[in-house]
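Asks: Below are the structure tokens for one structure; questions will follow.
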Amino acid sequence: MCNGGYMENPFIYGERVTGEYFWDREQEVERLKIDLLSSQKVFLISSRKMGKSSLVATVLEQLEKQGIITVYLDLEKFSSYDKLLERYLNCLMKHEGPLEKALDFIKQLLPQLRPEIRLDEEGKPFFSFGLGRSPQGIENIESEIYELPGKISEKKGKKIVIVFDEFQEILDFNGKHIEGVIRSEVQRQRNVGYVFCGSKKHLLADMVSSPERPFYQIGPIMRLDKIPGETMLRFLKEKFLSANIDVDGGCLDQIIEFSRGVPHYVQMLAHRLWDYSVSKGKAEAGDVQKVVNELISQSFEEFQSRWGNLITSKKLLLKAISVSGGQNVLSKKYMTEHNLGYPSSIRRTLLSLMDEGILDKEDGSYFFTDLLFCRWTKDYVE
Ligand SMILES: Nc1ncnc2c1ncn2[C@@H]1O[C@H](COP(=O)(O)OP(=O)(O)OP(=O)(O)O)[C@@H](O)[C@H]1O
Ligand SMILES: [Mg+2]
């Protein structure tokens, strides 16, 4: 995109992408749209940075154009459950115009809810439960709030789609109880589609696949896989070409290779390479390595302190995986080669590193969720 002679960087990372910044995923977009149009309750699960939030943002944009009411809530952002419920109520009500009007709406639909209108720091009005001051406990209002989407869709005669991003976070607030409350409300809502998404794969998969959990078989599970290297390469070539930047053949392949199919890293390295090359009009052999080094040096201290906080068994294992990859970690050869100790303790260490979000596992192979931290561990740790 050319803006007054200045070429805007066409690569974005660190936020949800949609429109021209969102590549590929046509099938996933279609499938999710179809499921939501039929008001399914979908679990969307993938490793970190694979593009879940961008996929749902893209789908929500398209559904809104069809007149569907959409609500997006990122559960990672809340320090307490009542804050989460409060925000959810405000999101649900944002389509009702001025709050006074919305309050009438709530009084009619859910007379027990009785929220009050307060002003936030910027002086904007919002619904609050005033929980600190009233005897009205969370338990009395939570099921009403989860019931609200069904009531709104009935009253307005419209479909609604709701996304709970990083849904596994509810487990940090009395999760088992909340799962039960949400399940019993959402399963009755015939005109409301839901997406429950997140990157803590085993926590989410457990919720839907364990018969004793409330969410058992609630709806389809969608797993977001890597974007094929050739597809991303095509997008990269197109963008650099349209800016007349002459890219040395190997550069873009190196980006794809480093990123291992994770779109976040492709966008991040391409963004930096673009900045590096746009004024010279070319990207040369060695530039991608320079960009990677620069990114690592910016996070060097953070990586050092992350490393410093790890116990020795974790350090050993991470170093091994950074050098030899995460396949066959429990084979005799691998364990001996890297001096890892007993399989039972390695298993415990692996689980703990996955719980902390440092490692993830796909098709039996363990990998670093942060590829720059992986490279740092490989290159800078003895
Ligand atoms: N389809 C896509 N096309 C191009 N870039 C993408 C795509 N999906 C994701 N990205 C890139 O990856 C980054 C992370 O995407 P997003 O936040 O959607 O992933 P996520 O799976 O929700 O991550 P997290 O695990 O952190 O929640 C985006 O900022 C963007 O740079
Ligand atoms: Mg996300």
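Naming works like this for the structure tokens: A, B, ... for the chains as they're shown, residue 1 at the start of each chain, ligands 1 onward in shown order.
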List the neighbours of Pro111 (chain A) out to 12 Å using only C-alpha atoms; skip same-chain residues closer than 5 positions along the sequence, and give me the result as a VMD selection string.
Replies: chain A and resid 103 to 106 140 to 141 144 to 145 148
Asks: Kindly provide, as a ChimeraX atom specification, all nucleotide and amino acid residues lying within 7 Å of ligand 1, counting only C-alpha atoms and all ligand atoms.
Replies: /A:12-17,21-25,46-55,166,198-199,263-265,267-268
Asks: Taking only C-alpha atoms and all ligand atoms into account, name the residue in A:Asp370, A:Glu8, A:Glu28, A:Glu76 that is nearest to ligand 2.
Replies: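 That would be A:Glu76, the residue with the smallest distance to ligand 2.
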Asks: Could you pull out the helix (DSSP H, G or I) residues of region 162-338 of chain A from DSSP and send them as a tab-separated table (two decimals) with N, CA, C and O atoms, in the first residue's frame?
Replies:
chain	number	residue	atom	x	y	z
A	167	PHE	N	-10.29	-19.60	26.26
A	167	PHE	CA	-11.37	-20.07	27.14
A	167	PHE	C	-10.86	-20.86	28.34
A	167	PHE	O	-11.48	-20.88	29.40
A	168	GLN	N	-9.68	-21.52	28.18
A	168	GLN	CA	-9.18	-22.33	29.31
A	168	GLN	C	-8.93	-21.47	30.56
A	168	GLN	O	-8.79	-22.00	31.65
A	169	GLU	N	-8.88	-20.14	30.38
A	169	GLU	CA	-8.66	-19.26	31.54
A	169	GLU	C	-9.76	-19.38	32.59
A	169	GLU	O	-9.54	-19.04	33.75
A	170	ILE	N	-10.94	-19.84	32.21
A	170	ILE	CA	-12.00	-19.97	33.23
A	170	ILE	C	-11.60	-20.98	34.30
A	170	ILE	O	-12.10	-20.95	35.41
A	171	LEU	N	-10.67	-21.87	33.94
A	171	LEU	CA	-10.25	-22.87	34.92
A	171	LEU	C	-9.55	-22.23	36.11
A	171	LEU	O	-9.50	-22.79	37.20
A	172	ASP	N	-9.01	-21.03	35.88
A	172	ASP	CA	-8.37	-20.32	36.99
A	172	ASP	C	-9.38	-19.68	37.95
A	172	ASP	O	-9.04	-19.31	39.06
A	175	GLY	N	-13.29	-23.03	37.85
A	175	GLY	CA	-13.58	-23.49	36.51
A	175	GLY	C	-14.64	-24.57	36.38
A	175	GLY	O	-15.55	-24.46	35.55
A	176	LYS	N	-14.56	-25.60	37.20
A	176	LYS	CA	-15.48	-26.74	37.06
A	176	LYS	C	-16.93	-26.27	37.20
A	176	LYS	O	-17.81	-26.65	36.45
A	177	HIS	N	-17.15	-25.40	38.18
A	177	HIS	CA	-18.50	-24.89	38.42
A	177	HIS	C	-18.96	-24.06	37.21
A	177	HIS	O	-20.06	-24.24	36.70
A	178	ILE	N	-18.06	-23.18	36.72
A	178	ILE	CA	-18.44	-22.29	35.61
A	178	ILE	C	-18.74	-23.10	34.36
A	178	ILE	O	-19.70	-22.82	33.63
A	179	GLU	N	-17.91	-24.13	34.10
A	179	GLU	CA	-18.17	-25.00	32.95
A	179	GLU	C	-19.61	-25.50	32.98
A	179	GLU	O	-20.31	-25.50	31.97
A	180	GLY	N	-20.03	-25.96	34.15
A	180	GLY	CA	-21.38	-26.51	34.30
A	180	GLY	C	-22.45	-25.47	34.01
A	180	GLY	O	-23.41	-25.72	33.29
A	181	VAL	N	-22.24	-24.25	34.55
A	181	VAL	CA	-23.24	-23.20	34.36
A	181	VAL	C	-23.33	-22.82	32.87
A	181	VAL	O	-24.42	-22.73	32.30
A	182	ILE	N	-22.17	-22.65	32.24
A	182	ILE	CA	-22.17	-22.23	30.83
A	182	ILE	C	-22.83	-23.31	29.97
A	182	ILE	O	-23.69	-23.05	29.15
A	183	ARG	N	-22.41	-24.56	30.21
A	183	ARG	CA	-22.96	-25.65	29.40
A	183	ARG	C	-24.49	-25.68	29.47
A	183	ARG	O	-25.18	-25.76	28.46
A	184	SER	N	-25.02	-25.58	30.70
A	184	SER	CA	-26.46	-25.77	30.80
A	184	SER	C	-27.20	-24.61	30.13
A	184	SER	O	-28.28	-24.80	29.60
A	185	GLU	N	-26.60	-23.42	30.11
A	185	GLU	CA	-27.27	-22.32	29.43
A	185	GLU	C	-27.11	-22.38	27.91
A	185	GLU	O	-28.09	-22.26	27.18
A	186	VAL	N	-25.87	-22.60	27.44
A	186	VAL	CA	-25.66	-22.47	25.99
A	186	VAL	C	-26.32	-23.60	25.19
A	186	VAL	O	-26.73	-23.40	24.05
A	201	LYS	N	-3.78	-26.70	24.61
A	201	LYS	CA	-4.53	-27.72	23.87
A	201	LYS	C	-5.05	-28.83	24.76
A	201	LYS	O	-6.19	-29.26	24.61
A	202	HIS	N	-4.18	-29.30	25.70
A	202	HIS	CA	-4.65	-30.45	26.47
A	202	HIS	C	-5.78	-30.06	27.43
A	202	HIS	O	-6.70	-30.83	27.64
A	203	LEU	N	-5.75	-28.82	27.94
A	203	LEU	CA	-6.82	-28.38	28.84
A	203	LEU	C	-8.16	-28.31	28.10
A	203	LEU	O	-9.19	-28.76	28.59
A	204	LEU	N	-8.11	-27.75	26.88
A	204	LEU	CA	-9.35	-27.60	26.12
A	204	LEU	C	-9.85	-28.95	25.61
A	204	LEU	O	-11.04	-29.25	25.67
A	205	ALA	N	-8.90	-29.75	25.10
A	205	ALA	CA	-9.31	-31.05	24.56
A	205	ALA	C	-9.95	-31.89	25.67
A	205	ALA	O	-10.94	-32.58	25.44
A	206	ASP	N	-9.39	-31.78	26.87
A	206	ASP	CA	-9.96	-32.50	28.02
A	206	ASP	C	-11.41	-32.11	28.29
A	206	ASP	O	-12.24	-32.93	28.62
A	207	MET	N	-11.67	-30.81	28.16
A	207	MET	CA	-13.02	-30.31	28.45
A	207	MET	C	-14.07	-30.97	27.56
A	207	MET	O	-15.15	-31.29	28.01
A	208	VAL	N	-13.74	-31.12	26.26
A	208	VAL	CA	-14.75	-31.65	25.34
A	208	VAL	C	-14.70	-33.15	25.18
A	208	VAL	O	-15.66	-33.75	24.68
A	209	SER	N	-13.57	-33.77	25.55
A	209	SER	CA	-13.50	-35.20	25.27
A	209	SER	C	-13.59	-36.10	26.51
A	209	SER	O	-13.60	-37.31	26.37
A	229	GLY	N	4.05	-24.09	3.76
A	229	GLY	CA	5.17	-23.21	3.41
A	229	GLY	C	5.01	-22.57	2.04
A	229	GLY	O	5.23	-21.35	1.90
A	230	GLU	N	4.60	-23.36	1.04
A	230	GLU	CA	4.49	-22.80	-0.33
A	230	GLU	C	3.47	-21.67	-0.37
A	230	GLU	O	3.63	-20.69	-1.09
A	231	THR	N	2.39	-21.85	0.39
A	231	THR	CA	1.34	-20.82	0.38
A	231	THR	C	1.89	-19.52	0.96
A	231	THR	O	1.70	-18.44	0.38
A	232	MET	N	2.62	-19.64	2.07
A	232	MET	CA	3.14	-18.41	2.68
A	232	MET	C	4.21	-17.78	1.79
A	232	MET	O	4.30	-16.56	1.69
A	233	LEU	N	4.99	-18.64	1.15
A	233	LEU	CA	6.02	-18.14	0.24
A	233	LEU	C	5.39	-17.31	-0.88
A	233	LEU	O	5.91	-16.25	-1.26
A	234	ARG	N	4.26	-17.78	-1.37
A	234	ARG	CA	3.57	-17.06	-2.45
A	234	ARG	C	3.17	-15.66	-1.98
A	234	ARG	O	3.38	-14.68	-2.69
A	235	PHE	N	2.62	-15.57	-0.77
A	235	PHE	CA	2.22	-14.25	-0.25
A	235	PHE	C	3.44	-13.35	-0.07
A	235	PHE	O	3.41	-12.17	-0.43
A	236	LEU	N	4.52	-13.91	0.45
A	236	LEU	CA	5.73	-13.11	0.67
A	236	LEU	C	6.23	-12.54	-0.66
A	236	LEU	O	6.51	-11.34	-0.78
A	237	LYS	N	6.32	-13.43	-1.67
A	237	LYS	CA	6.85	-13.00	-2.97
A	237	LYS	C	6.01	-11.87	-3.54
A	237	LYS	O	6.53	-10.86	-4.01
A	238	GLU	N	4.70	-12.07	-3.49
A	238	GLU	CA	3.76	-11.08	-4.02
A	238	GLU	C	3.99	-9.71	-3.39
A	238	GLU	O	4.07	-8.71	-4.08
A	239	LYS	N	4.11	-9.68	-2.06
A	239	LYS	CA	4.22	-8.38	-1.36
A	239	LYS	C	5.56	-7.70	-1.68
A	239	LYS	O	5.59	-6.50	-1.92
A	240	PHE	N	6.65	-8.47	-1.67
A	240	PHE	CA	7.95	-7.85	-1.96
A	240	PHE	C	8.01	-7.39	-3.42
A	240	PHE	O	8.53	-6.33	-3.72
A	241	LEU	N	7.42	-8.22	-4.29
A	241	LEU	CA	7.41	-7.88	-5.72
A	241	LEU	C	6.63	-6.59	-5.96
A	241	LEU	O	7.07	-5.71	-6.70
A	242	SER	N	5.48	-6.47	-5.30
A	242	SER	CA	4.64	-5.29	-5.56
A	242	SER	C	5.31	-4.02	-5.07
A	242	SER	O	4.92	-2.92	-5.46
A	249	GLY	N	16.89	-15.00	-3.80
A	249	GLY	CA	16.08	-16.21	-3.73
A	249	GLY	C	16.02	-16.87	-2.36
A	249	GLY	O	14.96	-17.25	-1.88
A	250	GLY	N	17.17	-16.96	-1.69
A	250	GLY	CA	17.22	-17.72	-0.44
A	250	GLY	C	16.51	-17.06	0.73
A	250	GLY	O	16.07	-17.73	1.66
A	251	CYS	N	16.37	-15.73	0.69
A	251	CYS	CA	15.85	-15.01	1.86
A	251	CYS	C	14.47	-15.51	2.30
A	251	CYS	O	14.26	-15.80	3.48
A	252	LEU	N	13.56	-15.57	1.34
A	252	LEU	CA	12.19	-15.92	1.72
A	252	LEU	C	12.11	-17.37	2.17
A	252	LEU	O	11.37	-17.71	3.11
A	253	ASP	N	12.89	-18.24	1.52
A	253	ASP	CA	12.93	-19.65	1.98
A	253	ASP	C	13.44	-19.73	3.42
A	253	ASP	O	12.95	-20.53	4.21
A	254	GLN	N	14.40	-18.89	3.74
A	254	GLN	CA	14.93	-18.91	5.11
A	254	GLN	C	13.87	-18.49	6.13
A	254	GLN	O	13.78	-19.04	7.22
A	255	ILE	N	13.05	-17.51	5.74
A	255	ILE	CA	11.96	-17.09	6.63
A	255	ILE	C	11.01	-18.25	6.88
A	255	ILE	O	10.63	-18.55	8.01
A	256	ILE	N	10.65	-18.93	5.79
A	256	ILE	CA	9.70	-20.05	5.90
A	256	ILE	C	10.32	-21.15	6.76
A	256	ILE	O	9.66	-21.73	7.63
A	257	GLU	N	11.59	-21.43	6.52
A	257	GLU	CA	12.24	-22.51	7.25
A	257	GLU	C	12.30	-22.18	8.75
A	257	GLU	O	11.96	-23.01	9.59
A	258	PHE	N	12.68	-20.97	9.07
A	258	PHE	CA	12.78	-20.58	10.48
A	258	PHE	C	11.41	-20.68	11.17
A	258	PHE	O	11.30	-21.11	12.31
A	259	SER	N	10.36	-20.29	10.45
A	259	SER	CA	9.03	-20.14	11.06
A	259	SER	C	8.27	-21.44	11.25
A	259	SER	O	7.26	-21.46	11.98
A	263	PRO	N	2.39	-18.78	11.28
A	263	PRO	CA	2.27	-17.51	10.55
A	263	PRO	C	2.82	-16.30	11.31
A	263	PRO	O	3.33	-15.37	10.69
A	264	HIS	N	2.75	-16.32	12.64
A	264	HIS	CA	3.26	-15.19	13.42
A	264	HIS	C	4.73	-14.91	13.09
A	264	HIS	O	5.12	-13.75	12.89
A	265	TYR	N	5.55	-15.97	13.01
A	265	TYR	CA	6.98	-15.76	12.77
A	265	TYR	C	7.24	-15.35	11.32
A	265	TYR	O	8.16	-14.58	11.05
A	266	VAL	N	6.42	-15.86	10.42
A	266	VAL	CA	6.58	-15.44	9.02
A	266	VAL	C	6.34	-13.94	8.91
A	266	VAL	O	7.13	-13.20	8.32
A	267	GLN	N	5.25	-13.48	9.54
A	267	GLN	CA	4.93	-12.05	9.46
A	267	GLN	C	6.00	-11.21	10.19
A	267	GLN	O	6.39	-10.14	9.73
A	268	MET	N	6.47	-11.72	11.31
A	268	MET	CA	7.45	-10.97	12.09
A	268	MET	C	8.76	-10.80	11.32
A	268	MET	O	9.29	-9.69	11.17
A	269	LEU	N	9.28	-11.90	10.78
A	269	LEU	CA	10.56	-11.81	10.05
A	269	LEU	C	10.39	-11.03	8.75
A	269	LEU	O	11.25	-10.23	8.38
A	270	ALA	N	9.25	-11.24	8.08
A	270	ALA	CA	9.02	-10.51	6.83
A	270	ALA	C	8.90	-9.01	7.10
A	270	ALA	O	9.41	-8.19	6.34
A	271	HIS	N	8.24	-8.67	8.19
A	271	HIS	CA	8.10	-7.26	8.57
A	271	HIS	C	9.49	-6.62	8.75
A	271	HIS	O	9.78	-5.55	8.21
A	272	ARG	N	10.34	-7.32	9.49
A	272	ARG	CA	11.68	-6.80	9.75
A	272	ARG	C	12.53	-6.76	8.48
A	272	ARG	O	13.28	-5.82	8.26
A	273	LEU	N	12.40	-7.81	7.66
A	273	LEU	CA	13.19	-7.85	6.42
A	273	LEU	C	12.77	-6.70	5.50
A	273	LEU	O	13.60	-6.09	4.83
A	274	TRP	N	11.48	-6.44	5.50
A	274	TRP	CA	10.95	-5.34	4.69
A	274	TRP	C	11.59	-4.02	5.14
A	274	TRP	O	12.11	-3.26	4.33
A	275	ASP	N	11.54	-3.77	6.44
A	275	ASP	CA	12.13	-2.52	6.95
A	275	ASP	C	13.61	-2.42	6.59
A	275	ASP	O	14.12	-1.36	6.28
A	276	TYR	N	14.27	-3.55	6.64
A	276	TYR	CA	15.70	-3.63	6.38
A	276	TYR	C	16.02	-3.35	4.92
A	276	TYR	O	17.06	-2.79	4.59
A	277	SER	N	15.10	-3.76	4.03
A	277	SER	CA	15.46	-3.74	2.61
A	277	SER	C	14.75	-2.66	1.79
A	277	SER	O	15.15	-2.40	0.66
A	287	ASP	N	20.68	-11.29	5.03
A	287	ASP	CA	19.81	-10.29	5.68
A	287	ASP	C	18.85	-10.93	6.69
A	287	ASP	O	18.58	-10.35	7.74
A	288	VAL	N	18.33	-12.12	6.36
A	288	VAL	CA	17.39	-12.77	7.29
A	288	VAL	C	18.11	-13.12	8.58
A	288	VAL	O	17.59	-12.91	9.68
A	289	GLN	N	19.34	-13.60	8.44
A	289	GLN	CA	20.12	-13.92	9.64
A	289	GLN	C	20.33	-12.66	10.49
A	289	GLN	O	20.20	-12.70	11.71
A	290	LYS	N	20.60	-11.55	9.82
A	290	LYS	CA	20.79	-10.29	10.56
A	290	LYS	C	19.52	-9.92	11.31
A	290	LYS	O	19.56	-9.48	12.46
A	291	VAL	N	18.39	-10.08	10.63
A	291	VAL	CA	17.10	-9.75	11.24
A	291	VAL	C	16.84	-10.64	12.47
A	291	VAL	O	16.42	-10.17	13.53
A	292	VAL	N	17.13	-11.93	12.33
A	292	VAL	CA	16.94	-12.86	13.46
A	292	VAL	C	17.85	-12.46	14.62
A	292	VAL	O	17.41	-12.38	15.77
A	293	ASN	N	19.11	-12.16	14.31
A	293	ASN	CA	20.04	-11.76	15.36
A	293	ASN	C	19.57	-10.51	16.09
A	293	ASN	O	19.66	-10.40	17.31
A	294	GLU	N	19.04	-9.58	15.30
A	294	GLU	CA	18.55	-8.34	15.88
A	294	GLU	C	17.38	-8.62	16.84
A	294	GLU	O	17.32	-8.07	17.94
A	295	LEU	N	16.47	-9.47	16.40
A	295	LEU	CA	15.32	-9.81	17.26
A	295	LEU	C	15.78	-10.50	18.54
A	295	LEU	O	15.27	-10.22	19.62
A	296	ILE	N	16.76	-11.38	18.39
A	296	ILE	CA	17.26	-12.08	19.58
A	296	ILE	C	17.94	-11.09	20.51
A	296	ILE	O	17.73	-11.12	21.72
A	297	SER	N	18.72	-10.19	19.95
A	297	SER	CA	19.43	-9.27	20.84
A	297	SER	C	18.45	-8.35	21.57
A	297	SER	O	18.68	-7.98	22.72
A	298	GLN	N	17.32	-8.04	20.94
A	298	GLN	CA	16.31	-7.22	21.64
A	298	GLN	C	15.70	-7.95	22.83
A	298	GLN	O	15.22	-7.33	23.77
A	299	SER	N	15.65	-9.30	22.74
A	299	SER	CA	15.01	-10.06	23.83
A	299	SER	C	16.05	-10.74	24.72
A	299	SER	O	15.68	-11.55	25.58
A	300	PHE	N	17.31	-10.43	24.49
A	300	PHE	CA	18.38	-11.16	25.17
A	300	PHE	C	18.21	-11.21	26.70
A	300	PHE	O	18.26	-12.26	27.32
A	301	GLU	N	17.95	-10.05	27.27
A	301	GLU	CA	17.84	-10.01	28.74
A	301	GLU	C	16.65	-10.80	29.23
A	301	GLU	O	16.71	-11.50	30.24
A	302	GLU	N	15.55	-10.68	28.50
A	302	GLU	CA	14.35	-11.42	28.87
A	302	GLU	C	14.63	-12.93	28.81
A	302	GLU	O	14.25	-13.69	29.71
A	303	PHE	N	15.33	-13.36	27.75
A	303	PHE	CA	15.65	-14.79	27.63
A	303	PHE	C	16.58	-15.24	28.77
A	303	PHE	O	16.41	-16.30	29.33
A	304	GLN	N	17.53	-14.38	29.09
A	304	GLN	CA	18.45	-14.72	30.19
A	304	GLN	C	17.70	-14.91	31.50
A	304	GLN	O	17.94	-15.86	32.23
A	305	SER	N	16.74	-14.01	31.76
A	305	SER	CA	16.06	-14.15	33.05
A	305	SER	C	15.10	-15.33	33.00
A	305	SER	O	14.94	-16.04	34.00
A	306	ARG	N	14.49	-15.58	31.84
A	306	ARG	CA	13.63	-16.76	31.70
A	306	ARG	C	14.44	-18.01	32.00
A	306	ARG	O	14.03	-18.91	32.71
A	307	TRP	N	15.65	-18.05	31.43
A	307	TRP	CA	16.53	-19.20	31.60
A	307	TRP	C	16.97	-19.34	33.06
A	307	TRP	O	16.96	-20.43	33.63
A	308	GLY	N	17.32	-18.21	33.64
A	308	GLY	CA	17.80	-18.20	35.02
A	308	GLY	C	16.76	-18.74	36.00
A	308	GLY	O	17.11	-19.28	37.05
A	312	THR	N	17.51	-27.09	36.85
A	312	THR	CA	18.50	-27.73	35.97
A	312	THR	C	17.89	-28.78	35.03
A	312	THR	O	18.24	-28.83	33.85
A	313	SER	N	16.96	-29.59	35.53
A	313	SER	CA	16.40	-30.64	34.66
A	313	SER	C	15.68	-30.01	33.46
A	313	SER	O	15.72	-30.54	32.34
A	314	LYS	N	15.06	-28.87	33.67
A	314	LYS	CA	14.37	-28.20	32.56
A	314	LYS	C	15.39	-27.62	31.57
A	314	LYS	O	15.22	-27.70	30.36
A	315	LYS	N	16.45	-27.06	32.12
A	315	LYS	CA	17.50	-26.49	31.25
A	315	LYS	C	18.08	-27.56	30.34
A	315	LYS	O	18.23	-27.36	29.13
A	316	LEU	N	18.39	-28.71	30.95
A	316	LEU	CA	18.99	-29.81	30.17
A	316	LEU	C	18.09	-30.24	29.01
A	316	LEU	O	18.52	-30.41	27.88
A	317	LEU	N	16.82	-30.38	29.35
A	317	LEU	CA	15.86	-30.84	28.36
A	317	LEU	C	15.66	-29.81	27.24
A	317	LEU	O	15.63	-30.15	26.05
A	318	LEU	N	15.56	-28.55	27.64
A	318	LEU	CA	15.34	-27.51	26.63
A	318	LEU	C	16.55	-27.38	25.71
A	318	LEU	O	16.42	-27.23	24.49
A	319	LYS	N	17.74	-27.45	26.31
A	319	LYS	CA	18.95	-27.38	25.48
A	319	LYS	C	18.94	-28.53	24.47
A	319	LYS	O	19.21	-28.33	23.27
A	320	ALA	N	18.61	-29.73	24.95
A	320	ALA	CA	18.59	-30.90	24.06
A	320	ALA	C	17.61	-30.69	22.92
A	320	ALA	O	17.93	-30.92	21.74
A	321	ILE	N	16.40	-30.20	23.25
A	321	ILE	CA	15.38	-30.02	22.21
A	321	ILE	C	15.78	-28.92	21.23
A	321	ILE	O	15.58	-29.02	20.02
A	322	SER	N	16.44	-27.87	21.73
A	322	SER	CA	16.86	-26.79	20.83
A	322	SER	C	17.91	-27.28	19.84
A	322	SER	O	17.97	-26.82	18.70
A	323	VAL	N	18.72	-28.24	20.26
A	323	VAL	CA	19.79	-28.73	19.38
A	323	VAL	C	19.31	-29.89	18.50
A	323	VAL	O	19.52	-29.91	17.29
A	324	SER	N	18.60	-30.85	19.12
A	324	SER	CA	18.28	-32.08	18.38
A	324	SER	C	16.82	-32.22	18.00
A	324	SER	O	16.40	-33.25	17.48
A	332	LYS	N	16.09	-44.31	24.20
A	332	LYS	CA	17.31	-44.54	24.96
A	332	LYS	C	18.46	-43.69	24.41
A	332	LYS	O	19.22	-43.05	25.14
A	333	LYS	N	18.52	-43.67	23.07
A	333	LYS	CA	19.62	-42.96	22.39
A	333	LYS	C	19.60	-41.46	22.77
A	333	LYS	O	20.61	-40.89	23.14
A	334	TYR	N	18.40	-40.88	22.66
A	334	TYR	CA	18.25	-39.44	22.93
A	334	TYR	C	18.59	-39.14	24.39
A	334	TYR	O	19.35	-38.22	24.69
A	335	MET	N	18.05	-39.97	25.29
A	335	MET	CA	18.25	-39.71	26.72
A	335	MET	C	19.73	-39.82	27.09
A	335	MET	O	20.25	-39.02	27.86
A	336	THR	N	20.41	-40.83	26.52
A	336	THR	CA	21.82	-41.01	26.84
A	336	THR	C	22.66	-39.88	26.23
A	336	THR	O	23.53	-39.31	26.89
A	337	GLU	N	22.37	-39.60	24.97
A	337	GLU	CA	23.14	-38.58	24.26
A	337	GLU	C	23.12	-37.24	25.02
A	337	GLU	O	24.11	-36.52	25.06
Asks: Tell me which of A:Glu100, A:Glu61, A:Glu86, A:Asp246 sits closest to Val278 (chain A), counting only C-alpha atoms.
Replies: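 Of A:Glu100, A:Glu61, A:Glu86, A:Asp246, the one nearest Val278 (chain A), counting only C-alpha atoms, is A:Asp246.
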Asks: Pick out the closest residue to Asn90 (chain A) from this set: A:Arg348, A:Arg375, A:Lys41, A:Arg118. Count only C-alpha atoms.
Replies: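 Looking only at the distances to Asn90 (chain A), the closest residue turns out to be A:Arg118.
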